[in-house]
Amino acid sequence: MSAETPVEVRGLVKRYDGLVAVDRVDLTVDPGDVFGYLGPNGAGKTTSLRMMLGLITPDEGTVRVFGRDPQASVDALEGVAGFVEAPRFYPYLNARTNLELCAALDGLGAGRREIDEVLDTVELRDRARDRVGGFSHGMRQRLGIAGALLRRPRLLVLDEPATGLDPGGMRDMRQLIRNLAATGMTVLLSSHLLAEVEELCNRVAIVRRGRVVYEGTLADLRATAGTRYRLRTTDDSRAQAVCQAQPGIESPTLTAGLGISFQAASERAVAELSMALTEAGALIIEMAATHASLEDLFFALTEGAAGEGAAGERATGGGPSTSDVAVAP
Amino acid sequence: MSVGTPTVYRWELRKLRSQKRTYLGLGAAAFVPIAFAIALAVQRGAPNDVAFGKYLHSTGLALPLVLLLFGAVWMFPLITALVAGDIVAAEDHNGTLKTILTRSTEREQIFAAKLMAAATYAIAAIALSGVTAIAAGSAVSGMHALTSLSGTHISVARGLLLVALSLVVYSVPILAFTAIGVLLSTVFRNSAAAVVGTLMSSLLLQLLTIIPGLSGLTPYLLSTQFNAWQGLLRQPIDWAPIVRAVWVCALYAVPAVIAALLVFLRRDVDGG
Ligand SMILES: Nc1ncnc2c1ncn2[C@@H]1O[C@H](COP(=O)(O)OP(=O)(O)OP(=O)(O)O)[C@@H](O)[C@H]1O
Ligand SMILES: [Mg+2]
């Protein structure tokens with residue numbers, strides 16, 4: 001358990017009468033990471049983050065932030081800031097007073113200048129004298145970021161920070177996170193939006209029903225999917241028979257009108273298949289590699305075989321597709 | 001390294017100063033004696049059956065004392081509960097516990113600051129009520145000597161001192177109610193439930209005293225301690241009820257505070 005490691009979570013479990021909200025989660029966030037904690041609604045993201053911030057007690061397992069236990073003392077949160085779910089402030093106090101309160105409880109002596117600075121960063125300076133009770137969702141979200149930045153954190157924990165923001169607000173939020181990461185700040189970001197995580201994060205953990213089903217880079221995840229090939233020939237049913245017999249060619253499926261889709265163990269196997277097809281008299285009209293989209297992989301991981309109904313179909317039916325969700329700009 | 005509790009306490013007071021509820025309570029504490037004085041000014045009658053009632057027209061010093069007698073039933077418990085019952089529950093309502101607990105403040109500091117803030121408010125309400133009562137009473141009846149419960153003469157100066165001390169003694173059961181209010185606020189996490197619950201506990205305790213078999217309990221009930229100050233207005237001063245008030249109230253307040261603290265330290269902050 002190193003004091004340099006922003007987050008080290010081992011065997012974390014949280015149960016809510018019968019329901020296992022977080023199930024033996026292991027997680028390591030390294031310095032400088034922009035770490036995506038990705039999962040669908042109810043996967044246990046917020047619950048995990050609450051334990052990392054010492055707000056709720058784990059039933060099992062350990063949390064260390066910079067080597068310290070947030071359950072033991074609030075001292076462990078030195079250098080850590082952030083919020084879970086929507087940030088909350090005192091509605092009857094204005095934005096500036098709320099930040100003054102936060103600064104006072106931090107004991108960092110953040111004064112007028114620091115508060116002005118963070119208000120500028122989130123573009124709320126002109127509303128600083130207004131009561132937070134009258135703030136819109138997006139303004140509160142930005143005030144939450146301001147409150148977090150006031151602590152000058154080395155680790156910033158954000159729970160779906162772009163949720164409920166308009167497209168412009170989302171873009172600004174992501175730009176802000178990128179800027180903060182560029183200063184060397186470590187960011188732990190939960191999200192249910194693959195595109196957001198793909199755009200911002202260098203590493204991800206994908207959670208499903210409380211369990212981490214994947215941890216690593218999105219590039220590695222994409223690579224695990226292997227490559228599928230699409231094949232059209234002059235005689236698809238004969239070609240299908242050839243594919244089934246050919247070593248190194250896996251799970252060929254024939255769809256009338258669309259041709260054959262298969263997976264190959266290696267590029268060599270594909271080359272050999274083309275020879276075999278020609279010999280069998282099924283001449284190749286088209287043979288192309290397609291990549292499974294990240295979105296398909298994400299759905300396969302988070303919904304999978306045990307997934308519910310329609311969503312499960314999306315995962316298993318995930319042939320080649322290019323989804324806008326999966327494409328990084 | 002965490003922040004000092006005085007800082008947290010100052011911010012708890014600041015929050016109270018920014019909430020309507022605080023002014024509602026303080027407003028009632030000031031308004032009731034004024035209304036009382038106005039009623040005295042427009043009519044000659046007085047509640048002769050209560051202690052000091054018959055002196056209401058002869059000296060302003062009687063008004064705060066009669067107010068203490070009447071206020072014990074529900075007014076002061078309500079004013080106390082209004083803030084004590086809200087002080088933790090409001091954080092649940094606003095979802096702000098997670099905001100303050102992720103700064104550099106330990107939970108016990110937040111709790112201590114809240115307890116002290118609720119107590120400060122309750123004492124301020126009693127003081128305000130007392131000062132207003134003396135002012136309003138003397139405006140109507142003038143500032144004259146008082147007659148003690150033993151029938152002896154009390155000078156104006158000594159009367160003022162005894163009224164002030166009575167307010168202090170009266171604060172003791174009020175602080176016990178503060179502790180109960182904070183406990184219910186912590187446990188219920190709902191302001192209305194905690195305020196009503198605190199008030200109900202006050203009324204139920206008073207009901208207990210009229211059950212025949214339980215009359216032996218009377219000296220140990222919280223509501224009884226609201227009469228302890230009367231010992232000050234005897235000649236010589238009867239300290240026994242005052243001493244008893246202190247330890248009986250502690251018997252209620254200390255377990256309530258410990259229970260509330262344990263709940264607050266161990267609870268999951270998972271709302272909001
Ligand atoms: N206080 C609680 N009491 C009971 N169940 C809870 C509580 N908090 C969370 N849960 C349950 O734990 C599971 C995980 O919830 P959590 O809020 O962590 O999910 P999430 O991944 O943050 O979802 P979302 O994307 O919707 O925010 C859910 O099934 C939820 O109902
Ligand atoms: Mg969540």
# chains A, B, ... in the order shown; residues from 1 in each chain; ligands from 1
>>> interface_residues(of="chain B", to="chain A", cutoff="8 Å", atoms="only C-alpha atoms", output="CSV table (one decimal) with N, CA and C atoms, in the first residue's frame")
chain,number,residue,atom,x,y,z
B,1,MET,N,-4.2,16.5,9.7
B,1,MET,CA,-4.5,17.7,10.4
B,1,MET,C,-5.9,18.2,10.0
B,2,SER,N,-6.7,18.3,11.0
B,2,SER,CA,-8.0,18.8,10.7
B,2,SER,C,-8.3,20.2,11.3
B,3,VAL,N,-9.4,20.8,10.9
B,3,VAL,CA,-9.7,22.1,11.3
B,3,VAL,C,-10.2,22.1,12.8
B,7,THR,N,-14.0,26.6,14.6
B,7,THR,CA,-14.3,27.1,13.2
B,7,THR,C,-15.6,26.4,12.7
B,8,VAL,N,-15.7,25.1,13.0
B,8,VAL,CA,-16.9,24.4,12.5
B,8,VAL,C,-18.2,25.0,13.2
B,11,TRP,N,-19.3,28.2,11.8
B,11,TRP,CA,-20.1,28.0,10.6
B,11,TRP,C,-21.5,27.5,10.8
B,15,LYS,N,-24.9,29.2,9.6
B,15,LYS,CA,-26.0,28.5,8.9
B,15,LYS,C,-27.3,28.8,9.6
B,18,SER,N,-28.7,32.1,8.8
B,18,SER,CA,-29.2,32.3,7.4
B,18,SER,C,-30.5,31.5,7.2
B,19,GLN,N,-31.1,30.9,8.3
B,19,GLN,CA,-32.3,30.1,8.0
B,19,GLN,C,-33.5,30.8,8.7
B,94,ASN,N,-30.8,18.4,2.7
B,94,ASN,CA,-30.1,19.1,1.7
B,94,ASN,C,-29.0,18.3,1.0
B,95,GLY,N,-28.8,17.1,1.6
B,95,GLY,CA,-27.8,16.2,1.0
B,95,GLY,C,-26.4,16.7,1.2
B,96,THR,N,-26.2,17.6,2.2
B,96,THR,CA,-24.9,18.3,2.3
B,96,THR,C,-23.9,17.6,3.2
B,98,LYS,N,-22.4,14.9,2.7
B,98,LYS,CA,-21.3,14.5,2.0
B,98,LYS,C,-20.4,15.6,1.6
B,99,THR,N,-21.0,16.8,1.5
B,99,THR,CA,-20.2,18.0,1.1
B,99,THR,C,-19.2,18.4,2.3
B,100,ILE,N,-19.7,18.3,3.5
B,100,ILE,CA,-18.9,18.8,4.6
B,100,ILE,C,-18.0,17.6,5.1
B,101,LEU,N,-18.4,16.4,4.9
B,101,LEU,CA,-17.6,15.3,5.4
B,101,LEU,C,-16.5,14.9,4.5
B,102,THR,N,-16.4,15.5,3.3
B,102,THR,CA,-15.3,15.2,2.4
B,102,THR,C,-14.3,16.4,2.4
B,103,ARG,N,-14.5,17.3,3.4
B,103,ARG,CA,-13.4,18.3,3.6
B,103,ARG,C,-12.5,17.8,4.7
B,104,SER,N,-11.9,18.7,5.5
B,104,SER,CA,-10.9,18.2,6.5
B,104,SER,C,-11.5,18.2,7.9
B,105,THR,N,-12.8,17.8,8.0
B,105,THR,CA,-13.4,17.9,9.3
B,105,THR,C,-13.9,16.5,9.7
B,106,GLU,N,-13.5,16.1,10.9
B,106,GLU,CA,-14.0,14.8,11.4
B,106,GLU,C,-15.4,14.8,11.8
B,267,ARG,N,-22.9,6.1,11.0
B,267,ARG,CA,-23.9,6.0,9.9
B,267,ARG,C,-23.3,6.1,8.5
B,268,ASP,N,-24.0,5.4,7.6
B,268,ASP,CA,-23.6,5.6,6.2
B,268,ASP,C,-24.2,6.9,5.7
B,269,VAL,N,-23.3,7.6,5.0
B,269,VAL,CA,-23.8,8.9,4.3
B,269,VAL,C,-24.2,8.5,2.9
B,270,ASP,N,-25.4,8.0,2.7
B,270,ASP,CA,-25.7,7.5,1.3
B,270,ASP,C,-26.9,8.2,0.7
B,272,GLY,N,-28.6,11.8,-1.0
B,272,GLY,CA,-28.2,13.0,-1.6
B,272,GLY,C,-27.1,12.9,-2.7
>>> residues_near_ligand(ligand="ligand 2", cutoff="12 Å", atoms="only C-alpha atoms and all ligand atoms", output="NGL selection string")
(:A and (21 or 37-50 or 83-86 or 158-161 or 163 or 189-192 or 207 or 210)) or (:B and (270-272))
>>> residues_around(residues="B:Val88", least_positions_apart="2", cutoff="6 Å", atoms="only C-alpha atoms", output="list of chain:residue names")
B:Asp86, B:Ala90, B:Glu91, B:Ser185, B:Thr186
>>> write_last_selection(atoms="C-alpha atoms", output="CSV table (one decimal), in the first residue's frame")
chain,number,residue,atom,x,y,z
B,86,ASP,CA,-33.5,20.2,12.4
B,90,ALA,CA,-31.4,19.5,7.6
B,91,GLU,CA,-28.1,18.2,6.3
B,185,SER,CA,-32.7,14.6,14.4
B,186,THR,CA,-29.7,12.2,14.0
>>> select_by_dssp(residues="stretch 22-181 of chain B", states="strand (DSSP E)", output="NGL selection string")
:B and (146-147 or 153-154)
>>> residues_around(residues="B:Arg17", least_positions_apart="5", cutoff="12 Å", atoms="only C-alpha atoms", output="tab-separated table (two decimals) with N, CA and C atoms, in the first residue's frame")
chain	number	residue	atom	x	y	z
A	92	TYR	N	-29.74	28.01	1.01
A	92	TYR	CA	-30.04	29.35	1.52
A	92	TYR	C	-28.80	30.23	1.58
A	93	LEU	N	-27.63	29.66	1.24
A	93	LEU	CA	-26.41	30.48	1.18
A	93	LEU	C	-26.06	30.72	-0.28
B	10	ARG	N	-18.53	28.05	14.45
B	10	ARG	CA	-18.87	29.37	13.89
B	10	ARG	C	-19.69	29.22	12.62
B	11	TRP	N	-19.33	28.23	11.80
B	11	TRP	CA	-20.09	28.04	10.56
B	11	TRP	C	-21.47	27.45	10.82
B	12	GLU	N	-21.60	26.66	11.88
B	12	GLU	CA	-22.93	26.17	12.23
B	12	GLU	C	-23.81	27.35	12.65
B	22	THR	N	-34.70	29.72	12.37
B	22	THR	CA	-34.05	30.31	13.54
B	22	THR	C	-34.82	31.55	14.00
B	23	TYR	N	-35.22	32.37	13.02
B	23	TYR	CA	-35.91	33.61	13.35
B	23	TYR	C	-37.33	33.36	13.79
B	24	LEU	N	-37.89	32.26	13.30
B	24	LEU	CA	-39.22	31.85	13.73
B	24	LEU	C	-39.19	31.57	15.23
B	25	GLY	N	-38.20	30.79	15.65
B	25	GLY	CA	-38.06	30.44	17.06
B	25	GLY	C	-37.75	31.65	17.92
B	26	LEU	N	-36.77	32.44	17.49
B	26	LEU	CA	-36.39	33.62	18.28
B	26	LEU	C	-37.53	34.63	18.28
B	83	VAL	N	-35.00	24.00	16.30
B	83	VAL	CA	-33.63	24.00	15.75
B	83	VAL	C	-32.89	22.69	16.04
B	117	ALA	N	-24.12	24.50	18.66
B	117	ALA	CA	-24.92	25.52	17.98
B	117	ALA	C	-26.38	25.44	18.41
B	118	ALA	N	-26.91	24.21	18.52
B	118	ALA	CA	-28.30	24.05	18.94
B	118	ALA	C	-28.47	24.55	20.37
B	120	THR	N	-26.56	26.81	21.87
B	120	THR	CA	-26.41	28.26	21.84
B	120	THR	C	-27.72	28.94	21.47
B	121	TYR	N	-28.35	28.39	20.45
B	121	TYR	CA	-29.63	28.94	20.01
B	121	TYR	C	-30.67	28.86	21.14
>>> select_by_dssp(residues="stretch 30-214 of chain A", states="alpha helix (DSSP H)", output="ChimeraX atom specification")
/A:45-52,95-106,112-121,137-149,167-182,194-200
>>> residues_around(residues="stretch 211-222 of chain A", least_positions_apart="5", cutoff="10 Å", atoms="only C-alpha atoms", output="PyMOL selection string")
chain A and resi 12-13+20-28+35-39+43-45+194+197-198+201-206+227+291-298+301-302
>>> write_last_selection(atoms="N, CA and C atoms", output="mmCIF file, in the first residue's frame")
data_model
loop_
_atom_site.group_PDB
_atom_site.id
_atom_site.type_symbol
_atom_site.label_atom_id
_atom_site.label_comp_id
_atom_site.auth_asym_id
_atom_site.auth_seq_id
_atom_site.Cartn_x
_atom_site.Cartn_y
_atom_site.Cartn_z
ATOM 1 N N LEU A 12 -13.214 -5.109 -2.104
ATOM 2 C CA LEU A 12 -14.251 -4.243 -1.542
ATOM 3 C C LEU A 12 -15.649 -4.843 -1.744
ATOM 4 N N VAL A 13 -16.405 -4.907 -0.637
ATOM 5 C CA VAL A 13 -17.764 -5.449 -0.696
ATOM 6 C C VAL A 13 -18.695 -4.508 0.057
ATOM 7 N N VAL A 20 -25.967 -7.304 -3.315
ATOM 8 C CA VAL A 20 -24.539 -6.988 -3.228
ATOM 9 C C VAL A 20 -24.268 -5.848 -4.207
ATOM 10 N N ALA A 21 -24.159 -4.648 -3.671
ATOM 11 C CA ALA A 21 -24.014 -3.464 -4.528
ATOM 12 C C ALA A 21 -22.603 -3.382 -5.090
ATOM 13 N N VAL A 22 -21.614 -3.750 -4.264
ATOM 14 C CA VAL A 22 -20.220 -3.777 -4.709
ATOM 15 C C VAL A 22 -19.672 -5.134 -4.298
ATOM 16 N N ASP A 23 -19.122 -5.854 -5.259
ATOM 17 C CA ASP A 23 -18.812 -7.261 -5.046
ATOM 18 C C ASP A 23 -17.330 -7.530 -5.317
ATOM 19 N N ARG A 24 -16.545 -7.606 -4.272
ATOM 20 C CA ARG A 24 -15.105 -7.930 -4.357
ATOM 21 C C ARG A 24 -14.381 -7.115 -5.436
ATOM 22 N N VAL A 25 -14.467 -5.827 -5.301
ATOM 23 C CA VAL A 25 -13.830 -4.953 -6.290
ATOM 24 C C VAL A 25 -12.362 -4.702 -5.931
ATOM 25 N N ASP A 26 -11.496 -4.918 -6.884
ATOM 26 C CA ASP A 26 -10.081 -4.536 -6.784
ATOM 27 C C ASP A 26 -9.836 -3.430 -7.790
ATOM 28 N N LEU A 27 -9.079 -2.438 -7.380
ATOM 29 C CA LEU A 27 -8.890 -1.299 -8.266
ATOM 30 C C LEU A 27 -7.606 -0.596 -7.891
ATOM 31 N N THR A 28 -6.814 -0.252 -8.870
ATOM 32 C CA THR A 28 -5.632 0.559 -8.587
ATOM 33 C C THR A 28 -5.600 1.728 -9.553
ATOM 34 N N PHE A 35 -8.729 7.845 -14.827
ATOM 35 C CA PHE A 35 -9.238 6.485 -14.720
ATOM 36 C C PHE A 35 -10.755 6.502 -14.871
ATOM 37 N N GLY A 36 -11.265 5.718 -15.814
ATOM 38 C CA GLY A 36 -12.705 5.658 -16.036
ATOM 39 C C GLY A 36 -13.311 4.487 -15.293
ATOM 40 N N TYR A 37 -14.352 4.774 -14.520
ATOM 41 C CA TYR A 37 -15.055 3.716 -13.804
ATOM 42 C C TYR A 37 -16.403 3.603 -14.499
ATOM 43 N N LEU A 38 -16.487 2.595 -15.353
ATOM 44 C CA LEU A 38 -17.556 2.575 -16.348
ATOM 45 C C LEU A 38 -18.539 1.457 -16.050
ATOM 46 N N GLY A 39 -19.813 1.765 -16.087
ATOM 47 C CA GLY A 39 -20.801 0.714 -15.869
ATOM 48 C C GLY A 39 -22.199 1.270 -16.021
ATOM 49 N N ALA A 43 -24.739 -0.298 -11.299
ATOM 50 C CA ALA A 43 -23.606 -1.224 -11.305
ATOM 51 C C ALA A 43 -22.797 -1.138 -10.008
ATOM 52 N N GLY A 44 -22.965 -0.061 -9.278
ATOM 53 C CA GLY A 44 -22.237 0.069 -8.011
ATOM 54 C C GLY A 44 -21.127 1.101 -8.064
ATOM 55 N N LYS A 45 -21.164 1.974 -9.064
ATOM 56 C CA LYS A 45 -20.108 2.983 -9.200
ATOM 57 C C LYS A 45 -20.146 3.968 -8.035
ATOM 58 N N LEU A 194 -19.708 5.354 -22.594
ATOM 59 C CA LEU A 194 -18.467 4.829 -23.129
ATOM 60 C C LEU A 194 -17.681 5.914 -23.853
ATOM 61 N N VAL A 197 -15.722 8.151 -21.535
ATOM 62 C CA VAL A 197 -14.564 7.485 -20.965
ATOM 63 C C VAL A 197 -13.474 7.308 -22.027
ATOM 64 N N GLU A 198 -13.921 6.970 -23.220
ATOM 65 C CA GLU A 198 -12.961 6.743 -24.294
ATOM 66 C C GLU A 198 -12.228 8.036 -24.638
ATOM 67 N N CYS A 201 -10.217 9.025 -20.825
ATOM 68 C CA CYS A 201 -9.488 8.181 -19.874
ATOM 69 C C CYS A 201 -8.390 7.360 -20.529
ATOM 70 N N ASN A 202 -7.283 7.178 -19.797
ATOM 71 C CA ASN A 202 -6.254 6.291 -20.308
ATOM 72 C C ASN A 202 -6.489 4.862 -19.830
ATOM 73 N N ARG A 203 -7.179 4.708 -18.696
ATOM 74 C CA ARG A 203 -7.486 3.359 -18.223
ATOM 75 C C ARG A 203 -8.924 3.285 -17.749
ATOM 76 N N VAL A 204 -9.468 2.084 -17.810
ATOM 77 C CA VAL A 204 -10.854 1.930 -17.373
ATOM 78 C C VAL A 204 -11.009 0.678 -16.526
ATOM 79 N N ALA A 205 -12.031 0.719 -15.681
ATOM 80 C CA ALA A 205 -12.538 -0.509 -15.080
ATOM 81 C C ALA A 205 -14.000 -0.551 -15.487
ATOM 82 N N ILE A 206 -14.415 -1.685 -16.017
ATOM 83 C CA ILE A 206 -15.811 -1.810 -16.383
ATOM 84 C C ILE A 206 -16.495 -2.653 -15.316
ATOM 85 N N THR A 227 -10.587 -10.082 -34.657
ATOM 86 C CA THR A 227 -11.111 -9.438 -35.852
ATOM 87 C C THR A 227 -12.101 -10.365 -36.528
ATOM 88 N N HIS A 291 -13.919 -4.507 -37.381
ATOM 89 C CA HIS A 291 -13.610 -4.553 -35.945
ATOM 90 C C HIS A 291 -14.895 -4.470 -35.156
ATOM 91 N N ALA A 292 -14.961 -5.267 -34.110
ATOM 92 C CA ALA A 292 -16.107 -5.146 -33.219
ATOM 93 C C ALA A 292 -16.048 -3.768 -32.591
ATOM 94 N N SER A 293 -17.169 -3.126 -32.479
ATOM 95 C CA SER A 293 -17.128 -1.798 -31.880
ATOM 96 C C SER A 293 -16.964 -1.941 -30.382
ATOM 97 N N LEU A 294 -16.376 -0.917 -29.792
ATOM 98 C CA LEU A 294 -16.210 -0.920 -28.334
ATOM 99 C C LEU A 294 -17.556 -1.001 -27.640
ATOM 100 N N GLU A 295 -18.511 -0.371 -28.278
ATOM 101 C CA GLU A 295 -19.836 -0.390 -27.670
ATOM 102 C C GLU A 295 -20.362 -1.813 -27.566
ATOM 103 N N ASP A 296 -20.119 -2.594 -28.622
ATOM 104 C CA ASP A 296 -20.558 -3.989 -28.578
ATOM 105 C C ASP A 296 -19.861 -4.727 -27.445
ATOM 106 N N LEU A 297 -18.559 -4.462 -27.335
ATOM 107 C CA LEU A 297 -17.798 -5.118 -26.275
ATOM 108 C C LEU A 297 -18.324 -4.717 -24.907
ATOM 109 N N PHE A 298 -18.608 -3.421 -24.782
ATOM 110 C CA PHE A 298 -19.117 -2.892 -23.525
ATOM 111 C C PHE A 298 -20.440 -3.572 -23.164
ATOM 112 N N LEU A 301 -19.909 -7.105 -22.145
ATOM 113 C CA LEU A 301 -19.357 -7.234 -20.795
ATOM 114 C C LEU A 301 -20.373 -6.906 -19.719
ATOM 115 N N THR A 302 -21.137 -5.853 -19.947
ATOM 116 C CA THR A 302 -22.003 -5.384 -18.874
ATOM 117 C C THR A 302 -23.379 -6.014 -18.898
#
>>> atom_distance(atom1="atom CA of B:Ser201", atom2="atom CA of B:Leu222")
9.5 Å
>>> closest_residue(among="A:Leu273, A:Ala282, A:Leu156, A:Leu193", to="ligand 1", atoms="only C-alpha atoms and all ligand atoms")
A:Leu193
>>> closest_residue(among="A:Val9, A:Ile249, A:Leu254, A:Leu19", to="ligand 1", atoms="only C-alpha atoms and all ligand atoms")
A:Leu19
>>> residues_around(residues="stretch 46-48 of chain B", least_positions_apart="5", cutoff="12 Å", atoms="only C-alpha atoms", output="number ranges by chain")
B: 36-37, 39-41, 53-58, 62-63, 66-67, 69-70
>>> write_last_selection(atoms="C-alpha atoms", output="tab-separated table (two decimals), in the first residue's frame")
chain	number	residue	atom	x	y	z
B	36	PHE	CA	-48.51	38.76	27.39
B	37	ALA	CA	-47.69	42.31	28.45
B	39	ALA	CA	-52.89	41.50	27.41
B	40	LEU	CA	-51.99	42.71	30.92
B	41	ALA	CA	-52.17	46.34	29.84
B	53	GLY	CA	-49.55	35.69	38.90
B	54	LYS	CA	-51.01	38.06	41.44
B	55	TYR	CA	-47.95	40.34	41.25
B	56	LEU	CA	-48.15	40.81	37.49
B	57	HIS	CA	-49.77	44.23	37.89
B	58	SER	CA	-47.51	45.35	40.68
B	62	ALA	CA	-43.27	38.92	37.73
B	63	LEU	CA	-43.80	38.61	33.99
B	66	VAL	CA	-44.95	33.61	34.99
B	67	LEU	CA	-43.65	33.15	31.45
B	69	LEU	CA	-44.19	28.63	34.28
B	70	PHE	CA	-46.36	28.76	31.17
>>> closest_residue(among="A:Ala280, A:Thr62, A:Arg208, A:Ala265", to="ligand 1", atoms="only C-alpha atoms and all ligand atoms")
A:Arg208
>>> atom_distance(atom1="atom CA of A:Ala239", atom2="atom CA of A:Ala300")
28.6 Å
>>> residues_around(residues="B:Pro236", least_positions_apart="5", cutoff="10 Å", atoms="only C-alpha atoms", output="PDB file with N, CA, C and O atoms, in the first residue's frame")
ATOM      1  N   SER B 148     -41.352  37.112  47.553  1.00  0.00           N
ATOM      2  CA  SER B 148     -40.858  35.759  47.290  1.00  0.00           C
ATOM      3  C   SER B 148     -41.938  34.723  47.569  1.00  0.00           C
ATOM      4  O   SER B 148     -42.992  35.031  48.130  1.00  0.00           O
ATOM      5  N   SER B 150     -41.831  32.611  49.746  1.00  0.00           N
ATOM      6  CA  SER B 150     -41.945  32.476  51.197  1.00  0.00           C
ATOM      7  C   SER B 150     -42.616  33.706  51.806  1.00  0.00           C
ATOM      8  O   SER B 150     -42.678  33.842  53.029  1.00  0.00           O
ATOM      9  N   THR B 152     -41.546  36.809  51.603  1.00  0.00           N
ATOM     10  CA  THR B 152     -40.638  37.875  52.006  1.00  0.00           C
ATOM     11  C   THR B 152     -40.456  38.895  50.895  1.00  0.00           C
ATOM     12  O   THR B 152     -40.741  38.630  49.728  1.00  0.00           O
ATOM     13  N   GLY B 231     -36.933  27.283  43.457  1.00  0.00           N
ATOM     14  CA  GLY B 231     -36.121  27.217  44.685  1.00  0.00           C
ATOM     15  C   GLY B 231     -35.382  28.520  44.957  1.00  0.00           C
ATOM     16  O   GLY B 231     -35.136  28.892  46.111  1.00  0.00           O
TER      17      GLY B 231
END
>>> decode(residues="stretch 120-132 of chain A", atoms="N, CA, C and O atoms", output="PDB file, in the first residue's frame")
ATOM      1  N   ASP A 120     -13.995  31.554 -11.401  1.00  0.00           N
ATOM      2  CA  ASP A 120     -13.672  31.882 -12.792  1.00  0.00           C
ATOM      3  C   ASP A 120     -13.517  30.618 -13.624  1.00  0.00           C
ATOM      4  O   ASP A 120     -14.023  30.522 -14.745  1.00  0.00           O
ATOM      5  N   THR A 121     -12.824  29.632 -13.050  1.00  0.00           N
ATOM      6  CA  THR A 121     -12.582  28.378 -13.772  1.00  0.00           C
ATOM      7  C   THR A 121     -13.890  27.739 -14.235  1.00  0.00           C
ATOM      8  O   THR A 121     -13.974  27.205 -15.330  1.00  0.00           O
ATOM      9  N   VAL A 122     -14.909  27.803 -13.382  1.00  0.00           N
ATOM     10  CA  VAL A 122     -16.181  27.175 -13.750  1.00  0.00           C
ATOM     11  C   VAL A 122     -17.194  28.202 -14.278  1.00  0.00           C
ATOM     12  O   VAL A 122     -18.376  27.896 -14.440  1.00  0.00           O
ATOM     13  N   GLU A 123     -16.701  29.401 -14.497  1.00  0.00           N
ATOM     14  CA  GLU A 123     -17.528  30.468 -15.069  1.00  0.00           C
ATOM     15  C   GLU A 123     -18.787  30.760 -14.268  1.00  0.00           C
ATOM     16  O   GLU A 123     -19.892  30.815 -14.794  1.00  0.00           O
ATOM     17  N   LEU A 124     -18.595  30.908 -12.958  1.00  0.00           N
ATOM     18  CA  LEU A 124     -19.744  31.228 -12.107  1.00  0.00           C
ATOM     19  C   LEU A 124     -19.535  32.539 -11.352  1.00  0.00           C
ATOM     20  O   LEU A 124     -20.316  32.888 -10.484  1.00  0.00           O
ATOM     21  N   ARG A 125     -18.480  33.267 -11.700  1.00  0.00           N
ATOM     22  CA  ARG A 125     -18.128  34.453 -10.928  1.00  0.00           C
ATOM     23  C   ARG A 125     -19.286  35.448 -10.882  1.00  0.00           C
ATOM     24  O   ARG A 125     -19.567  36.044  -9.842  1.00  0.00           O
ATOM     25  N   ASP A 126     -19.983  35.597 -11.988  1.00  0.00           N
ATOM     26  CA  ASP A 126     -21.053  36.600 -12.021  1.00  0.00           C
ATOM     27  C   ASP A 126     -22.306  36.156 -11.250  1.00  0.00           C
ATOM     28  O   ASP A 126     -23.186  36.953 -11.001  1.00  0.00           O
ATOM     29  N   ARG A 127     -22.355  34.872 -10.880  1.00  0.00           N
ATOM     30  CA  ARG A 127     -23.515  34.409 -10.108  1.00  0.00           C
ATOM     31  C   ARG A 127     -23.148  34.145  -8.651  1.00  0.00           C
ATOM     32  O   ARG A 127     -23.936  33.567  -7.901  1.00  0.00           O
ATOM     33  N   ALA A 128     -21.956  34.550  -8.261  1.00  0.00           N
ATOM     34  CA  ALA A 128     -21.421  34.184  -6.945  1.00  0.00           C
ATOM     35  C   ALA A 128     -22.295  34.688  -5.801  1.00  0.00           C
ATOM     36  O   ALA A 128     -22.343  34.091  -4.736  1.00  0.00           O
ATOM     37  N   ARG A 129     -23.005  35.793  -6.020  1.00  0.00           N
ATOM     38  CA  ARG A 129     -23.808  36.379  -4.948  1.00  0.00           C
ATOM     39  C   ARG A 129     -25.231  35.829  -4.912  1.00  0.00           C
ATOM     40  O   ARG A 129     -26.035  36.245  -4.093  1.00  0.00           O
ATOM     41  N   ASP A 130     -25.530  34.904  -5.820  1.00  0.00           N
ATOM     42  CA  ASP A 130     -26.885  34.340  -5.848  1.00  0.00           C
ATOM     43  C   ASP A 130     -26.969  33.104  -4.976  1.00  0.00           C
ATOM     44  O   ASP A 130     -26.025  32.329  -4.884  1.00  0.00           O
ATOM     45  N   ARG A 131     -28.132  32.928  -4.380  1.00  0.00           N
ATOM     46  CA  ARG A 131     -28.345  31.736  -3.561  1.00  0.00           C
ATOM     47  C   ARG A 131     -28.300  30.491  -4.418  1.00  0.00           C
ATOM     48  O   ARG A 131     -28.875  30.453  -5.511  1.00  0.00           O
ATOM     49  N   VAL A 132     -27.661  29.461  -3.880  1.00  0.00           N
ATOM     50  CA  VAL A 132     -27.519  28.222  -4.630  1.00  0.00           C
ATOM     51  C   VAL A 132     -28.885  27.558  -4.855  1.00  0.00           C
ATOM     52  O   VAL A 132     -29.094  26.848  -5.826  1.00  0.00           O
TER      53      VAL A 132
END
